[in-house]
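A quick write-up on the structure given underneath.
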Amino acid sequence: MKRVTPLLAAVAVLATGVPAAAQPSTLRAEFAVPFERATEVIVDGRLWSCTGTACTSRGDDPRPAIACRKLARKTGAVTRFATPRSELDAAGLATCNQDRQ
């Protein structure tokens, strides 16, 4: 049986743990209709960078449905909204888009 050197074991642990820890927290909203050009939108002091069919913003929000709803008012109907911890389900997206109907 081969023994793994402690250095190789440490590198393996760090290599698998670093990517998740190094990724910044972001919110992500997706839309059915693409933006015509790269756009920045400020909602409640939060900067959203939008391009293609998605907007992203640094950080997290404890009330994702409300953050989604405020963004949808300025940008259009949201088809997907994800935070670092969760993603809105169909009911959450319905709440998000209720002002757009």
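If you're wondering about the labels, chains in the structure tokens are A, B, ... by order shown, residues count from 1 in each chain, ligands from 1 in order shown.
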Env of range 40-52 of chain A: 12 Å cut, atoms = only C-alpha atoms, seq-sep filter 6 positions within chain, self excluded. Answer as number ranges by chain.
A: 26-34, 58-61, 66-76
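Among the candidates A:Ala38, A:Pro24, A:Thr53, A:Thr79, the residue lying nearest to Ala91 in chain A is A:Thr79 (atoms considered: only C-alpha atoms).
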Between CA of Ala77 in chain A and CA of Arg63 in chain A, what is the distance, to one decimal in Å?
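Spanning CA of Ala77 in chain A to CA of Arg63 in chain A is a straight-line distance of 17.9 Å.
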Can you pull out every residue from range 44-73 of chain A that DSSP, working from the backbone, puts in helix (DSSP H, G or I), and format the result as a list in words?
Pro64, Ala65, Ile66, Ala67, Cys68, Arg69, Lys70, Leu71, Ala72 and Arg73 of chain A
